[in-house]
Structure formats: C-alpha cells, structure tokens
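A.B. asks: Just so it is clear, I am handing over structure36.tsv, which has TSV, C-alpha atoms.
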chain	number	residue	atom	x	y	z
A	1	MET	CA	-41.06	-93.70	60.45
A	2	ASP	CA	-39.77	-90.53	58.87
A	3	ALA	CA	-38.95	-89.10	62.29
A	4	THR	CA	-36.99	-92.21	63.26
A	5	LEU	CA	-35.01	-92.17	59.99
A	6	ALA	CA	-34.25	-88.51	60.41
A	7	ALA	CA	-32.97	-89.10	63.95
A	8	THR	CA	-30.77	-91.96	62.79
A	9	LEU	CA	-29.30	-89.93	59.96
A	10	GLY	CA	-28.64	-87.08	62.35
A	11	GLY	CA	-26.76	-89.37	64.73
A	12	LEU	CA	-24.64	-90.78	61.92
A	13	ALA	CA	-23.80	-87.29	60.74
A	14	GLY	CA	-22.71	-86.30	64.25
A	15	LEU	CA	-20.53	-89.39	64.54
A	16	VAL	CA	-18.86	-88.67	61.21
A	17	LEU	CA	-18.18	-85.08	62.22
A	18	GLY	CA	-16.65	-86.25	65.50
A	19	VAL	CA	-14.34	-88.69	63.75
A	20	LEU	CA	-13.31	-86.04	61.26
A	21	ALA	CA	-12.59	-83.59	64.07
A	22	VAL	CA	-10.36	-86.07	65.93
A	23	ALA	CA	-8.50	-86.93	62.73
A	24	PHE	CA	-7.96	-83.25	61.99
A	25	VAL	CA	-6.57	-82.58	65.47
A	26	ASP	CA	-4.24	-85.58	65.22
A	27	PHE	CA	-3.07	-84.46	61.77
A	28	SER	CA	-2.43	-80.95	63.05
A	29	GLU	CA	-0.36	-82.18	65.98
A	30	ARG	CA	1.76	-84.43	63.75
A	31	SER	CA	2.27	-81.57	61.31
A	32	ARG	CA	3.43	-79.28	64.11
A	33	ALA	CA	5.82	-81.96	65.45
A	34	ARG	CA	7.20	-82.55	61.96
A	35	ALA	CA	7.65	-78.85	61.40
A	36	SER	CA	9.37	-78.50	64.79
A	37	ALA	CA	11.72	-81.38	63.95
A	38	GLU	CA	12.56	-79.82	60.60
A	39	HIS	CA	13.40	-76.46	62.18
A	40	ARG	CA	15.34	-77.72	65.23
A	41	PRO	CA	19.07	-76.79	65.11
A	42	ALA	CA	21.26	-79.51	63.58
A	43	VAL	CA	24.89	-80.25	64.57
A	44	PRO	CA	27.10	-77.94	62.48
A	45	PRO	CA	28.94	-79.96	59.79
A	46	ASP	CA	32.37	-78.76	60.93
A	47	VAL	CA	31.61	-79.75	64.50
A	48	ALA	CA	30.43	-83.20	63.37
A	49	LYS	CA	33.69	-83.70	61.45
A	50	VAL	CA	35.77	-82.78	64.52
A	51	LEU	CA	33.75	-85.06	66.82
A	52	ALA	CA	34.15	-87.94	64.38
A	53	VAL	CA	37.95	-87.95	64.78
A	54	LEU	CA	38.06	-87.50	68.55
A	55	ARG	CA	39.13	-90.47	70.67
A	56	SER	CA	36.62	-89.45	73.33
A	57	ALA	CA	33.03	-90.65	73.27
A	58	SER	CA	30.88	-87.66	72.21
A	59	VAL	CA	27.18	-86.79	72.41
A	60	VAL	CA	25.29	-83.67	71.30
A	61	VAL	CA	21.83	-83.06	72.76
A	62	GLY	CA	19.12	-80.58	71.80
A	63	PRO	CA	16.86	-78.28	73.88
A	64	ARG	CA	14.72	-81.19	75.12
A	65	ASN	CA	17.74	-83.44	75.81
A	66	ASP	CA	17.03	-85.27	72.58
A	67	VAL	CA	20.21	-86.77	71.15
A	68	ARG	CA	21.26	-85.10	67.89
A	69	TYR	CA	24.62	-86.85	67.55
A	70	ALA	CA	26.25	-89.81	69.31
A	71	SER	CA	29.57	-91.43	68.46
A	72	ALA	CA	30.00	-95.19	68.27
A	73	GLN	CA	31.98	-95.13	71.53
A	74	ALA	CA	29.12	-93.38	73.34
A	75	ARG	CA	26.63	-96.02	72.22
A	76	ALA	CA	29.07	-98.84	73.03
A	77	LEU	CA	29.41	-97.50	76.59
A	78	GLY	CA	25.62	-97.44	76.95
A	79	LEU	CA	25.41	-93.67	77.38
A	80	VAL	CA	22.85	-93.37	74.56
A	81	ARG	CA	19.97	-95.60	73.59
A	82	GLY	CA	18.10	-94.56	70.46
A	83	SER	CA	17.69	-90.80	70.79
A	84	THR	CA	17.68	-90.81	74.60
A	85	LEU	CA	20.49	-89.92	76.99
A	86	GLU	CA	20.47	-92.86	79.39
A	87	ARG	CA	22.28	-91.57	82.47
A	88	ALA	CA	20.09	-89.35	84.68
A	89	GLU	CA	23.21	-87.71	86.12
A	90	LEU	CA	24.29	-86.61	82.65
A	91	ARG	CA	20.83	-85.22	81.96
A	92	ASP	CA	21.05	-83.19	85.17
A	93	LEU	CA	24.46	-81.83	84.17
A	94	VAL	CA	23.10	-80.88	80.74
A	95	ASP	CA	20.24	-78.98	82.38
A	96	GLN	CA	22.64	-77.11	84.66
A	97	VAL	CA	24.93	-76.19	81.77
A	98	ARG	CA	21.98	-75.01	79.72
A	99	ARG	CA	20.84	-72.75	82.59
A	100	ASP	CA	24.11	-70.95	83.35
A	101	GLY	CA	26.46	-71.82	80.46
A	102	GLU	CA	29.20	-73.09	82.81
A	103	ILE	CA	31.31	-76.11	81.83
A	104	ARG	CA	30.92	-79.01	84.26
A	105	GLN	CA	32.76	-82.28	84.86
A	106	TRP	CA	31.68	-85.58	86.40
A	107	ASP	CA	33.69	-88.73	87.14
A	108	PHE	CA	31.77	-92.00	87.29
A	109	GLU	CA	32.04	-95.74	86.70
A	110	LEU	CA	30.13	-98.14	84.50
A	111	PRO	CA	30.15	-101.96	84.45
A	112	ARG	CA	32.17	-103.49	81.62
A	113	GLY	CA	30.60	-106.29	79.60
A	114	ARG	CA	27.61	-108.43	80.42
A	115	SER	CA	28.98	-109.79	83.67
A	116	GLY	CA	29.34	-106.31	85.15
A	117	VAL	CA	32.20	-107.47	87.39
A	118	ASP	CA	34.84	-105.13	85.94
A	119	LEU	CA	34.24	-101.40	86.03
A	120	VAL	CA	35.20	-98.73	83.52
A	121	SER	CA	36.30	-95.40	85.01
A	122	LEU	CA	34.96	-92.50	82.93
A	123	SER	CA	35.26	-88.73	83.07
A	124	ALA	CA	32.58	-86.57	81.40
A	125	ARG	CA	32.83	-82.87	80.47
A	126	VAL	CA	29.62	-81.06	79.57
A	127	ALA	CA	29.76	-77.70	77.75
A	128	PRO	CA	27.38	-75.46	75.76
A	129	LEU	CA	27.59	-75.73	71.99
A	130	GLY	CA	25.95	-72.68	70.49
A	131	SER	CA	22.69	-71.30	71.86
A	132	GLU	CA	20.59	-74.50	72.09
A	133	LEU	CA	22.92	-77.50	71.81
A	134	VAL	CA	25.01	-79.06	74.58
A	135	LEU	CA	28.14	-81.15	74.02
A	136	ILE	CA	29.15	-84.13	76.18
A	137	LEU	CA	32.68	-85.58	75.94
A	138	VAL	CA	33.45	-88.77	77.85
A	139	GLU	CA	36.98	-90.18	78.25
A	140	ASP	CA	37.99	-93.63	79.48
A	141	ARG	CA	40.30	-93.13	82.47
A	142	THR	CA	40.47	-96.80	83.51
A	143	LYS	CA	44.14	-97.31	82.62
A	144	GLU	CA	45.18	-94.03	84.25
A	145	ARG	CA	43.36	-94.90	87.46
A	146	ARG	CA	44.94	-98.35	87.47
A	147	VAL	CA	48.42	-96.89	86.95
A	148	ASP	CA	47.83	-94.35	89.73
A	149	ALA	CA	46.73	-97.12	92.09
A	150	ILE	CA	49.78	-99.21	91.20
A	151	ARG	CA	52.05	-96.22	91.74
A	152	ARG	CA	50.55	-95.45	95.16
A	153	ASP	CA	50.85	-99.07	96.27
A	154	PHE	CA	54.36	-99.26	94.87
A	155	VAL	CA	55.54	-96.18	96.77
A	156	ALA	CA	53.93	-97.43	99.99
A	157	ASN	CA	55.49	-100.89	99.63
A	158	VAL	CA	58.92	-99.50	98.75
A	159	SER	CA	58.85	-97.18	101.75
A	160	HIS	CA	57.95	-100.09	104.01
A	161	GLU	CA	60.61	-102.40	102.57
A	162	LEU	CA	63.39	-99.80	102.75
A	163	LYS	CA	62.74	-99.19	106.45
A	164	THR	CA	63.99	-102.64	107.44
A	165	PRO	CA	67.57	-102.58	106.06
A	166	ILE	CA	68.00	-98.86	106.76
A	167	GLY	CA	66.85	-99.32	110.36
A	168	ALA	CA	69.11	-102.34	110.75
A	169	LEU	CA	72.12	-100.41	109.44
A	170	SER	CA	71.41	-97.58	111.85
A	171	LEU	CA	71.22	-99.94	114.84
A	172	LEU	CA	74.33	-101.86	113.77
A	173	ALA	CA	76.30	-98.64	113.33
A	174	GLU	CA	75.33	-97.63	116.86
A	175	ALA	CA	76.35	-101.08	118.14
A	176	VAL	CA	79.75	-100.81	116.42
A	177	GLU	CA	80.28	-97.41	118.00
A	178	GLN	CA	79.50	-98.73	121.46
A	179	ALA	CA	81.71	-101.81	120.96
A	180	ALA	CA	84.73	-99.89	119.71
A	181	ASP	CA	86.97	-101.55	122.34
A	182	ASP	CA	85.79	-105.08	121.44
A	183	PRO	CA	87.38	-106.19	118.11
A	184	GLU	CA	85.33	-109.40	117.93
A	185	ALA	CA	82.04	-107.54	118.39
A	186	VAL	CA	83.06	-104.92	115.83
A	187	GLN	CA	83.89	-107.65	113.33
A	188	ARG	CA	80.57	-109.41	114.00
A	189	PHE	CA	78.52	-106.23	113.67
A	190	SER	CA	80.42	-105.07	110.59
A	191	GLY	CA	79.69	-108.40	108.90
A	192	ARG	CA	75.98	-107.97	109.53
A	193	MET	CA	76.23	-104.39	108.26
A	194	ARG	CA	77.73	-105.70	105.04
A	195	LEU	CA	74.87	-108.18	104.60
A	196	GLU	CA	72.25	-105.47	105.19
A	197	ALA	CA	74.04	-103.15	102.77
A	198	GLU	CA	74.04	-105.89	100.11
A	199	ARG	CA	70.35	-106.49	100.72
A	200	LEU	CA	69.65	-102.77	100.42
A	201	THR	CA	71.65	-102.58	97.18
A	202	ARG	CA	69.79	-105.55	95.73
A	203	LEU	CA	66.43	-104.05	96.74
A	204	VAL	CA	67.21	-100.66	95.16
A	205	GLN	CA	68.44	-102.34	91.96
A	206	GLN	CA	65.29	-104.43	91.65
A	207	ILE	CA	63.10	-101.41	92.36
A	208	ILE	CA	64.80	-99.64	89.45
A	209	GLU	CA	64.32	-102.68	87.20
A	210	LEU	CA	60.67	-103.04	88.17
A	211	SER	CA	59.95	-99.34	87.59
A	212	ARG	CA	61.17	-99.75	84.00
A	213	VAL	CA	58.88	-102.62	83.10
A	214	GLN	CA	55.83	-102.49	85.39
A	215	GLY	CA	53.69	-100.63	82.81
A	216	ASP	CA	53.51	-103.83	80.68
A	217	ASP	CA	53.88	-101.63	77.58
A	218	PRO	CA	55.37	-103.31	74.49
A	219	VAL	CA	59.15	-103.17	74.28
A	220	GLU	CA	60.43	-100.17	72.36
A	221	GLU	CA	63.10	-100.70	69.72
A	222	ALA	CA	62.83	-104.47	69.97
A	223	THR	CA	65.63	-106.45	68.33
A	224	PRO	CA	66.21	-110.13	67.53
A	225	VAL	CA	67.47	-111.91	70.65
A	226	PRO	CA	69.00	-115.43	70.47
A	227	VAL	CA	67.54	-117.51	73.29
A	228	ASP	CA	70.87	-119.35	73.74
A	229	GLU	CA	72.56	-116.06	74.67
A	230	VAL	CA	69.84	-115.25	77.19
A	231	VAL	CA	70.15	-118.65	78.88
A	232	VAL	CA	73.94	-118.56	79.06
A	233	ALA	CA	73.96	-115.01	80.43
A	234	ALA	CA	71.33	-115.87	83.05
A	235	LEU	CA	73.26	-118.97	84.15
A	236	ASP	CA	76.47	-116.97	84.30
A	237	ARG	CA	74.81	-114.45	86.67
A	238	CYS	CA	74.06	-117.24	89.13
A	239	GLY	CA	77.28	-119.21	88.68
A	240	VAL	CA	79.01	-118.03	91.85
A	241	ASP	CA	76.01	-118.72	94.11
A	242	ALA	CA	75.50	-122.13	92.52
A	243	GLN	CA	79.17	-123.01	92.99
A	244	ALA	CA	78.99	-122.06	96.66
A	245	LYS	CA	76.18	-124.60	97.12
A	246	ASP	CA	77.69	-127.24	94.79
A	247	ILE	CA	74.66	-127.00	92.47
A	248	ASP	CA	74.86	-128.01	88.80
A	249	LEU	CA	73.32	-125.59	86.29
A	250	VAL	CA	72.15	-127.59	83.25
A	251	HIS	CA	71.14	-126.16	79.85
A	252	THR	CA	69.11	-128.58	77.69
A	253	GLY	CA	66.66	-128.49	74.79
A	254	GLU	CA	66.60	-126.88	71.35
A	255	ARG	CA	69.26	-124.44	70.21
A	256	GLY	CA	69.23	-121.64	67.69
A	257	LEU	CA	65.80	-120.23	68.58
A	258	VAL	CA	65.30	-116.46	68.35
A	259	VAL	CA	62.74	-114.13	69.94
A	260	THR	CA	62.15	-110.40	69.51
A	261	GLY	CA	62.58	-108.03	72.42
A	262	ASN	CA	65.05	-106.45	74.82
A	263	ARG	CA	68.01	-108.70	75.58
A	264	GLU	CA	68.88	-107.06	78.89
A	265	GLN	CA	65.32	-107.38	80.24
A	266	LEU	CA	65.08	-111.03	79.18
A	267	VAL	CA	68.40	-111.85	80.86
A	268	ILE	CA	67.21	-110.15	84.07
A	269	ALA	CA	63.89	-112.05	83.99
A	270	LEU	CA	65.39	-115.48	83.35
A	271	GLY	CA	68.23	-114.70	85.77
A	272	ASN	CA	65.70	-113.98	88.53
A	273	ILE	CA	64.03	-117.36	87.96
A	274	VAL	CA	67.35	-119.21	88.01
A	275	GLU	CA	68.51	-117.26	91.07
A	276	ASN	CA	65.35	-118.27	92.96
A	277	ALA	CA	65.89	-121.89	91.94
A	278	VAL	CA	69.47	-121.84	93.25
A	279	THR	CA	68.48	-120.03	96.45
A	280	TYR	CA	65.75	-122.50	97.41
A	281	SER	CA	67.52	-125.70	96.28
A	282	PRO	CA	69.55	-127.96	98.58
A	283	GLU	CA	73.30	-128.33	98.23
A	284	GLY	CA	74.48	-130.85	95.67
A	285	SER	CA	71.27	-130.71	93.60
A	286	ARG	CA	70.74	-129.43	90.06
A	287	VAL	CA	68.82	-126.66	88.30
A	288	VAL	CA	67.78	-127.39	84.70
A	289	VAL	CA	66.96	-124.78	82.06
A	290	ASP	CA	65.13	-126.49	79.20
A	291	VAL	CA	64.27	-124.67	75.94
A	292	ARG	CA	61.52	-125.92	73.64
A	293	ARG	CA	59.52	-124.70	70.66
A	294	ALA	CA	55.75	-125.09	71.09
A	295	ALA	CA	52.46	-123.97	69.59
A	296	GLY	CA	50.49	-121.44	71.59
A	297	ASP	CA	48.95	-117.99	71.84
A	298	ASP	CA	50.67	-114.77	72.82
A	299	SER	CA	49.23	-112.30	75.33
A	300	ALA	CA	47.19	-110.64	72.55
A	301	GLY	CA	45.50	-113.95	71.68
A	302	ARG	CA	47.39	-114.41	68.41
A	303	HIS	CA	48.20	-118.02	67.58
A	304	GLY	CA	51.69	-119.06	66.55
A	305	ASP	CA	54.89	-120.75	67.68
A	306	VAL	CA	56.31	-119.81	71.07
A	307	VAL	CA	59.54	-120.51	72.89
A	308	GLU	CA	59.13	-122.19	76.28
A	309	ILE	CA	62.02	-121.72	78.71
A	310	ALA	CA	61.39	-123.98	81.70
A	311	VAL	CA	63.53	-123.68	84.84
A	312	SER	CA	63.20	-126.73	87.10
A	313	ASP	CA	64.74	-127.21	90.54
A	314	GLN	CA	64.78	-129.82	93.29
A	315	GLY	CA	64.09	-127.33	96.03
A	316	VAL	CA	61.62	-126.80	98.84
A	317	GLY	CA	58.66	-126.19	96.52
A	318	ILE	CA	55.73	-123.83	96.98
A	319	PRO	CA	52.47	-124.61	98.80
A	320	GLU	CA	49.54	-124.90	96.40
A	321	HIS	CA	47.58	-122.07	98.02
A	322	GLU	CA	50.55	-119.71	97.49
A	323	LEU	CA	51.04	-120.34	93.76
A	324	GLU	CA	48.66	-117.61	92.58
A	325	ARG	CA	50.44	-114.95	94.64
A	326	VAL	CA	54.13	-115.61	93.97
A	327	PHE	CA	54.22	-113.02	91.15
A	328	GLU	CA	52.86	-110.20	93.34
A	329	ARG	CA	55.22	-107.36	94.23
A	330	PHE	CA	56.94	-107.82	97.61
A	331	TYR	CA	55.17	-111.12	98.22
A	332	ARG	CA	57.29	-113.82	99.88
A	333	VAL	CA	56.22	-117.40	100.46
A	334	ASP	CA	58.46	-117.70	103.52
A	335	ARG	CA	59.33	-114.29	104.93
A	336	ALA	CA	61.72	-115.66	107.55
A	337	ARG	CA	63.68	-117.60	104.93
A	338	SER	CA	63.64	-114.60	102.59
A	339	ARG	CA	65.26	-112.47	105.28
A	340	GLN	CA	68.01	-115.07	105.66
A	341	THR	CA	68.61	-115.33	101.90
A	342	GLY	CA	68.23	-111.62	101.21
A	343	GLY	CA	65.12	-112.02	99.10
A	344	THR	CA	63.23	-108.85	98.24
A	345	GLY	CA	59.95	-110.26	96.91
A	346	LEU	CA	60.41	-108.36	93.63
A	347	GLY	CA	62.22	-110.88	91.43
A	348	LEU	CA	59.20	-112.81	90.15
A	349	SER	CA	57.16	-109.62	89.77
A	350	ILE	CA	59.85	-108.35	87.41
A	351	VAL	CA	59.62	-111.64	85.49
A	352	LYS	CA	55.86	-111.23	85.09
A	353	HIS	CA	56.13	-107.67	83.76
A	354	VAL	CA	58.99	-108.50	81.38
A	355	ALA	CA	56.97	-111.41	79.99
A	356	ALA	CA	53.93	-109.15	79.50
A	357	SER	CA	55.95	-106.44	77.75
A	358	HIS	CA	57.25	-109.13	75.34
A	359	ARG	CA	53.70	-110.41	74.64
A	360	GLY	CA	54.48	-113.55	76.60
A	361	SER	CA	53.59	-115.13	79.93
A	362	VAL	CA	55.08	-116.95	82.90
A	363	THR	CA	53.57	-119.85	84.84
A	364	VAL	CA	54.61	-122.07	87.74
A	365	ARG	CA	54.08	-125.69	88.73
A	366	SER	CA	55.27	-126.86	92.12
A	367	VAL	CA	55.06	-129.72	94.57
A	368	GLU	CA	55.97	-128.83	98.13
A	369	GLY	CA	59.11	-130.65	99.20
A	370	GLU	CA	59.95	-131.82	95.66
A	371	GLY	CA	60.67	-128.72	93.62
A	372	SER	CA	59.23	-126.15	91.21
A	373	THR	CA	59.16	-125.44	87.48
A	374	PHE	CA	58.78	-121.90	86.20
A	375	THR	CA	58.02	-121.62	82.48
A	376	LEU	CA	58.64	-118.41	80.55
A	377	ARG	CA	56.77	-118.34	77.21
A	378	LEU	CA	57.76	-115.86	74.49
A	379	PRO	CA	56.59	-115.50	70.86
A	380	LEU	CA	59.07	-117.06	68.47
A	381	ARG	CA	60.59	-114.73	65.91
A	382	ALA	CA	59.14	-115.81	62.58
A	383	GLU	CA	61.94	-115.36	60.06
A	384	PRO	CA	65.38	-114.17	61.13
A	385	SER	CA	67.17	-112.02	58.62
A	386	ALA	CA	70.18	-113.15	56.62
A	387	ALA	CA	72.48	-111.08	58.83
A	388	GLU	CA	71.23	-112.89	61.91
A	389	THR	CA	71.82	-116.35	60.41
A	390	SER	CA	75.11	-115.54	58.70
A	391	PRO	CA	77.92	-117.88	59.76
A	392	ASN	CA	80.27	-114.90	59.78
A	393	THR	CA	78.35	-113.20	62.58
A	394	PRO	CA	80.67	-113.30	65.62
A	395	SER	CA	79.43	-115.15	68.69
A	396	PRO	CA	79.16	-113.22	71.94
A	397	VAL	CA	82.11	-113.48	74.27
A	398	GLY	CA	81.77	-116.30	76.75
A	399	LEU	CA	78.86	-118.05	74.97
A	400	ASP	CA	78.98	-121.72	75.94
A	401	HIS	CA	76.86	-124.19	73.98
A	402	SER	CA	77.60	-127.18	76.21
A	403	SER	CA	74.66	-129.06	77.66
A	404	VAL	CA	75.88	-128.84	81.24
A	405	VAL	CA	77.27	-125.70	82.82
A	406	SER	CA	78.89	-127.25	85.88
A	407	SER	CA	79.31	-125.06	88.92
A	408	ARG	CA	81.34	-127.58	90.88
A	409	LYS	CA	85.04	-126.96	91.35
A	410	ALA	CA	87.34	-129.00	89.15
A	411	ALA	CA	89.33	-131.71	90.90
A	412	PRO	CA	92.93	-130.73	91.62
Rewrite the structure of this file - the entire thing - as structure tokens.

C.D. replies:
Amino acid sequence: MDATLAATLGGLAGLVLGVLAVAFVDFSERSRARASAEHRPAVPPDVAKVLAVLRSASVVVGPRNDVRYASAQARALGLVRGSTLERAELRDLVDQVRRDGEIRQWDFELPRGRSGVDLVSLSARVAPLGSELVLILVEDRTKERRVDAIRRDFVANVSHELKTPIGALSLLAEAVEQAADDPEAVQRFSGRMRLEAERLTRLVQQIIELSRVQGDDPVEEATPVPVDEVVVAALDRCGVDAQAKDIDLVHTGERGLVVTGNREQLVIALGNIVENAVTYSPEGSRVVVDVRRAAGDDSAGRHGDVVEIAVSDQGVGIPEHELERVFERFYRVDRARSRQTGGTGLGLSIVKHVAASHRGSVTVRSVEGEGSTFTLRLPLRAEPSAAETSPNTPSPVGLDHSSVVSSRKAAP
C-alpha cells in the first residue's frame, strides 16, 4: 500500500514538473518575441509625416517583411492585409532591394472593385529606407495609360484619314496636268480638287477641335452662357446648307436658360448635331431644336436641374445596332454616304467630349427611315448674377428670338 502510494505521488510530481517546464518554455518564447518587437526599428517620425501627405500609396516593411506602416491607399488597393504584404512579387522585390540596396521598379495591374472587370494600372518603386527598413511607393497610372492609348489610336486614325484626301488631290493634280489641252476635263478635275480640299480643311479643323476637348477635363475659366445664344449661333452655322436643301430650322422650347461653360465649344457641339441633321435629312423637311428644363444628374452624379437641347430631324435614321458606336472617333454609319457628303466621323465625337467637359451628356434615339433625335444635357446655372439678368446688357449681334428660323428663300 505504501509502495503504491509512493509510486502514484511520484508520477503526479513528474507530471507537474513537465507542465511547469512547458509553461516556462512558452513564457520564455513569448518574452523573447515581445522583446524583439519592442526593439525592432520603427518608422522615423519625420518619414511618417512625409508619407502621410504623399498622393502615392506607401508601405514600409521591416527585416522579416512585416508591415510597419501602410497608407490608406495601400490598404484600399489590397496591397496590405493586416501586417502582411499581399503581393508575392512585391515581397520578392523587397528581398532583392534588401540584398543589394538598388532601387527597383515594377509595373502591374490589379482588378478594380468586386467585379474585377476593370483593371487599375499601377507602378511600384521599392527603395531601402535606412539599414533595415524598405519603402514601397505605388502610383496609379490608369489615367496616363488610358490617355497614351487614346493618343496612339488618335494618331493612327488621323494618319489613315488624311491619306484619302491627300492621295485624291495628288491623283487629281496629275490628271489636270495630263488634261491640260482639254478645258472640260480640267474644269471637272478642278471641281473635284476643290471638294477634296474642302474635305481636308474640314477634317483638319475638326482634328484641332477634338484635340482641345478629348481629355474630358472640366472647362477652364467657365463663364455663364445663355442657351439661346448657343442655339442661334449653331443654327446660323448651318443656315446656308439648310437653305440649299430647302430645310426649315426651327427653334422651340423655353427661353432665357443659362449654363456655365465655354460658349465656343458649346456652339461647335450643337452646330455639329444640327449639321448632321441637315446633312442626312431630305429636301423640304425640317430640323427642330427644342430647349427644355428638366430634373436630372450631371456626369458626377450630382442631382439638380439640367437643360435638355434636343435636335430632331426627319432624316434617314440610324440602325439600332449602330447607335452605341455613333460617338466613336472616325466612326461612320454609312461610309459611302459620308464620302459623298464630306463627313469626317469626328463631329459626334467632339459633341461627346464637349458634353463631358461641361459635366453633361449626349444621347440619341433613332428609328431607321423616320429620323433621329440627339439630346444634349447640360447642368443648369443655378443663380445668374445681376449683371447677367440686367435689362441694360446688350444682346449679341444677330440674336434672333423667333420660333422659326426659316432657311427657305423669300418669295420675290
């Protein structure tokens, strides 16, 4: 009995000693980890202040790639989760920089949002920060890449489009030279040369206009612009062409509305819509420009009153499957007809960019064979100043407030 008790007590004592030993080892390891954490190098306060004001996403990692500092942008992009650097490629770059002290750069893409359809183009620079820390700066290059792509496409398209009229002029000049003894042929070829020269002039002018607005940046030095002036100026631009086809240009709707922006750009945009309507409408028809105030949202999603300028025609219309593409640069619904009318495929693209730069939009409704309606929506100016509403303010020269701007010749 005594021997059994002694054996039991001995076993219990051994068990207690084992538990105490394990606990001691665990306590020692935690103490060493805590001491290591307390003595690891922190981000210098001055460096943290500088990183806090940078527009770039920034991350500082320690000797074991543990994250010591991460900006809100870095976490929003998913580069950091907790205290871990998520991207394996960035961890590899950090290791390389730590080995040789050389600054490295890496361009990569990440999915934007939950859908992951859109990609964000990023550029990371990794550099040593002191003896043990490594700094990662990540910049969003999405807009720059998009602008570069637009510029490359634009140059390629312009080069292609310029070849046609320039080549035609060259061939026609050669034909005129060979037909020097044939007055009728010279007259015929010279007439075609004039048409190609006009087409080339129109194309160059629209390329210049598009290059000014294609960035979709907000209008600089925006001023109050009376919508009535824009409509009258746009109709006046197309008056000669409308008269040649016996087309009535009609101005209806509300008067006295004012928007904020660039008057010249708005006249060009609305003029392009009206010009298309006249070009693709039959003789003896009418083109109506209707102005209305409506409730809506601007391009930034802000709710408020907008001005809707709708241009309706009785023309050939646009096939339904083409509607989404009519605002693309150099896109033509009917290329053969565009060559006959001198169309460049840039007019509606200019309209789209002008609308965007004025925080507005442009849409189209069309029925093939019946006609089309293009609607330009612009934010309404909230409260015009006293100077703008003063009755003593002179009206612009040639401003006509009649409902119908007739293009037909008066009877003798």

A.B. asks: Please provide as a PyMOL selection string all residues within 7 Å of range 82-97 of chain A, with the sequence filter that same-chain residues fewer than 3 positions apart are discarded (counting all atoms listed in the file).

C.D. replies: chain A and resi 66-67+79+100-103+126-128+134

A.B. asks: Would you compute the distance between CA of Val250 in chain A and CA of Ala382 in chain A? Give it in Å to one decimal.

C.D. replies: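 If I compute the distance from CA of Val250 in chain A to CA of Ala382 in chain A, I get 27.1 Å.
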
A.B. asks: What is the distance between CA of Phe189 in chain A and CA of Ser159 in chain A, in Å to one decimal?

C.D. replies: 24.7 Å

A.B. asks: So how many Å separate CA of Ser211 in chain A and CA of Glu144 in chain A, to one decimal?

C.D. replies: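 Pair CA of Ser211 in chain A / CA of Glu144 in chain A returns 16.0 Å.
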
A.B. asks: Do you know which residues are at most 10 Å from Gly284 in chain A counting all atoms listed in the file, after dropping those on the same chain fewer than 3 positions away, and could you put them as a VMD selection string?

C.D. replies: chain A and resid 242 to 248 281 408
